[in-house]
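**Q** First, the structure itself, so that you have it in front of you.
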There are 2 protein chains.
Amino acid sequence: MPDSVATWVSQILAGDRRAIARAISAIENGEAERSALLKLLFRSAGKAAVIGVTGSPGTGKSTLVEKLAVEYRRLGRKVGIIAVDPTSPFSGGAILGDRIRMQNLATDEGVYIRSMATRGQLGGLAPAAYDVVTVLDAAGCGVILIETVGVGQDEVDVARLADVTLVLLVPGLGDEVQAFKAGVMEIADVFVINKADRPGAERLEQELTALLSVAPRQDGWRPPVLKTVAATGEGIPAVLEALDRFGTFGAGGCLAAERRRKQWRWRLLAMLQQRLLERVFAERLTPDDVARYAAEVAARRRDPYSAVEEMMKEFTQR
Amino acid sequence: MPDSVATWVSQILAGDRRAIARAISAIENGEAERSALLKLLFRSAGKAAVIGVTGSPGTGKSTLVEKLAVEYRRLGRKVGIIAVDPTSPFSGGAILGDRIRMQNLATDEGVYIRSMATRGQLGGLAPAAYDVVTVLDAAGCGVILIETVGVGQDEVDVARLADVTLVLLVPGLGDEVQAFKAGVMEIADVFVINKADRPGAERLEQELTALLSVAPRQDGWRPPVLKTVAATGEGIPAVLEALDRFGTFGAGGCLAAERRRKQWRWRLLAMLQQRLLERVFAERLTPDDVARYAAEVAARRRDPYSAVEEMMKEFTQR
């Protein structure tokens, strides 16, 4: 097995698309080789700029990500795109129509696009998505764009994965800025007002700028507020420039190192939690056991707290 | 300790507000008595109707929840409200201005309101929020409203907690319906178009109804599409009636039991994952250890995969 993993790694490092796809599948399915593979890939990773792009539905994230990718390609960089879909846990399917628009990028050998439907998983997006970042990074993608839909936990997750987080807004969503006060303000490194040809773009820009001036960031970075019309490509080069500027800012200060340590602390805990559960299942518990406990609790013949204690005891008493 | 827990439980069953507040704090802080307390409370719980209310920012969730609570109070039922805030993991603060509006309900002894800022926690909202449901249920709340902001994982979480999930929309958010196709459609038991006095309400209703008719639910329930102006109270009684109707529908079929088993399976796994991590910290790992590992990985002196293996080995080799 070590031999074939080594071959696999060298194929990934050479940018072999099928080897990359197989690695991502191994990660998503929690296959046994995953760990050996990722340990080796991690050594060659760490060079990519990881850019998180987030915002409410309808803000035009996919279009912006596509245009950013095209622009980075023009600069000669290989680009990875990870699109995190809000999957229904009931159907297991990921259906975002506008993802299809990116298909014209898929014919470019210098772009690797992968949708991840991790939402049905316990522990959320983070561990698997970061593993995919490691694969794409090792495969030579200089830029990795992570696109996620959501207001709430999703933004937070993406901020924990990315070197820089871009938050997208559009004019006319009403209470948007007010809602943004609650948490998102602090994770956004760059704001982009998309569909800026719509009425209300100026007002949104003013409100946002005012909000940012009353709540300065501790690290001294002033998040720029940019305007784009992603559909026509207007304003895209300025977004690249702002992302680049944040990278330079971060590299200069010790705050970037602190941010990275914090991110790793969180990622390690998320990984630990996931691996512990995997180990319980590998060694002790079967899905049938869980179904039996669940049926007992649903029928109120047993309380969930003692059920979980029993599930743990079986594990820890080995 | 068992004596004092028994006293505590009897206070909660009697609806003592301070005892309830203390129980919720014990849950949020993972205190040692938590487990003993919840085991006892679970025996007296299971009577409440748990209603999840979700939707994008700006749809008027807090106002709707407030009006629903007032209406249930009029019918003589005790009401619990759990408001899940999208907390920033960096500040730890929860700041949603419109929550203040609910303060006039807080003077009513028959209403218990609690904000939960669980977003910074690993494992997400679910385990702690369900424990709070158990407390409020045991304390005699016949109706428990869980309000959450979000598009994506938050809706899914709330659907796993609630007996019925109400999804709120407003006219004029553009691509809203399109975005909703991705996952939310399947978890919504009742749709409410709020701010229905705004232009576009009719069209939104038609689009939604059309969407629902092409994708019927497997369980045979046809989610109603209702219109409200929550600020004036218009349409609120019809919402109660629809929620009630879903309750009757669910109680009649075996699908409700299946749904409950599925929910418990997921909740038990979430609890197990959380408790495993707690145990690792209680027995083996200190926060300093994690910080040390994180610093090593951030400096790329070590890969995260072997770090997590070492963290686990320390636990499982006891």
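Following the order of the structure tokens, first chain is A, next is B, and so on, with residues numbered from 1 inside each chain and ligands from 1 in the order they appear.
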Please list as a compact mmCIF listing (two decimals) with N, CA and C atoms, in the first residue's frame every residue within 8 Å of Val308 (chain B), counting only C-alpha atoms and excluding residues in the same chain fewer than 4 positions away.
**A**
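New file part_31.txt:
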```
# COMPACT_ATOMS: atom_id res chain seq x y z
N LEU A 268 -7.96 21.43 14.18
CA LEU A 268 -7.52 20.20 14.85
C LEU A 268 -8.64 19.63 15.72
N MET A 271 -11.21 18.07 13.47
CA MET A 271 -10.71 16.78 12.97
C MET A 271 -10.75 15.72 14.05
N LEU A 272 -10.34 16.12 15.25
CA LEU A 272 -10.31 15.17 16.37
C LEU A 272 -11.72 14.63 16.64
N PRO B 304 -1.12 18.07 10.28
CA PRO B 304 -2.28 18.00 11.19
C PRO B 304 -2.78 16.56 11.39
N MET B 312 -5.38 11.53 19.69
CA MET B 312 -6.30 10.42 19.94
C MET B 312 -5.62 9.28 20.66
```
**Q** For a quick check of understanding, using only C-alpha atoms, which of B:Leu169, B:Ala231, B:Ala242, B:Val133 has the smallest distance to Ile24 (chain B)?
**A** B:Val133
**Q** For chain A, which residue among B:Glu205, B:Asp131, B:Asp189, B:Asp137 is the nearest when counting only C-alpha atoms?
**A** B:Asp131
**Q** When distances are computed from only C-alpha atoms, which of A:Lys39, A:Val239, A:Met116, A:Ser25 shows the smallest separation from Val297 (chain B)?
**A**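 Of A:Lys39, A:Val239, A:Met116, A:Ser25, the one nearest Val297 (chain B) is A:Lys39, counting only C-alpha atoms.
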**Q** Tell me which protein, DNA and RNA residues are within 9 Å of Val135 (chain A), counting only C-alpha atoms, leaving out same-chain ones fewer than 3 positions away, and put them as a JSON list (two decimals) with C-alpha atoms, in the first residue's frame.
**A**
```
[["chain", "number", "residue", "atom", "x", "y", "z"],
["A", 12, "ILE", "CA", -1.21, 14.55, -7.69],
["A", 13, "LEU", "CA", 1.93, 16.67, -7.42],
["A", 20, "ILE", "CA", -6.79, 14.50, -7.76],
["A", 23, "ALA", "CA", -8.00, 11.76, -3.67],
["A", 24, "ILE", "CA", -11.00, 13.99, -3.06],
["A", 38, "LEU", "CA", -2.72, 13.65, 3.26],
["A", 41, "LEU", "CA", 0.57, 15.92, 0.44],
["A", 42, "PHE", "CA", 0.74, 18.31, 3.38],
["A", 45, "ALA", "CA", 1.23, 22.19, 0.35],
["A", 130, "TYR", "CA", -9.60, 21.66, 4.42],
["A", 131, "ASP", "CA", -8.32, 18.29, 3.28],
["A", 132, "VAL", "CA", -9.43, 19.17, -0.25],
["A", 138, "ALA", "CA", -0.15, 20.25, -3.33],
["A", 139, "ALA", "CA", -1.35, 19.82, -6.91],
["A", 140, "GLY", "CA", -0.01, 23.28, -7.69]]
```
**Q** Would you please work out which residue, of B:Arg275, B:Arg203, B:Arg265, B:Arg284, is nearest to chain A when using only C-alpha atoms?
**A**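 Of all the options, B:Arg265 lies closest to chain A.
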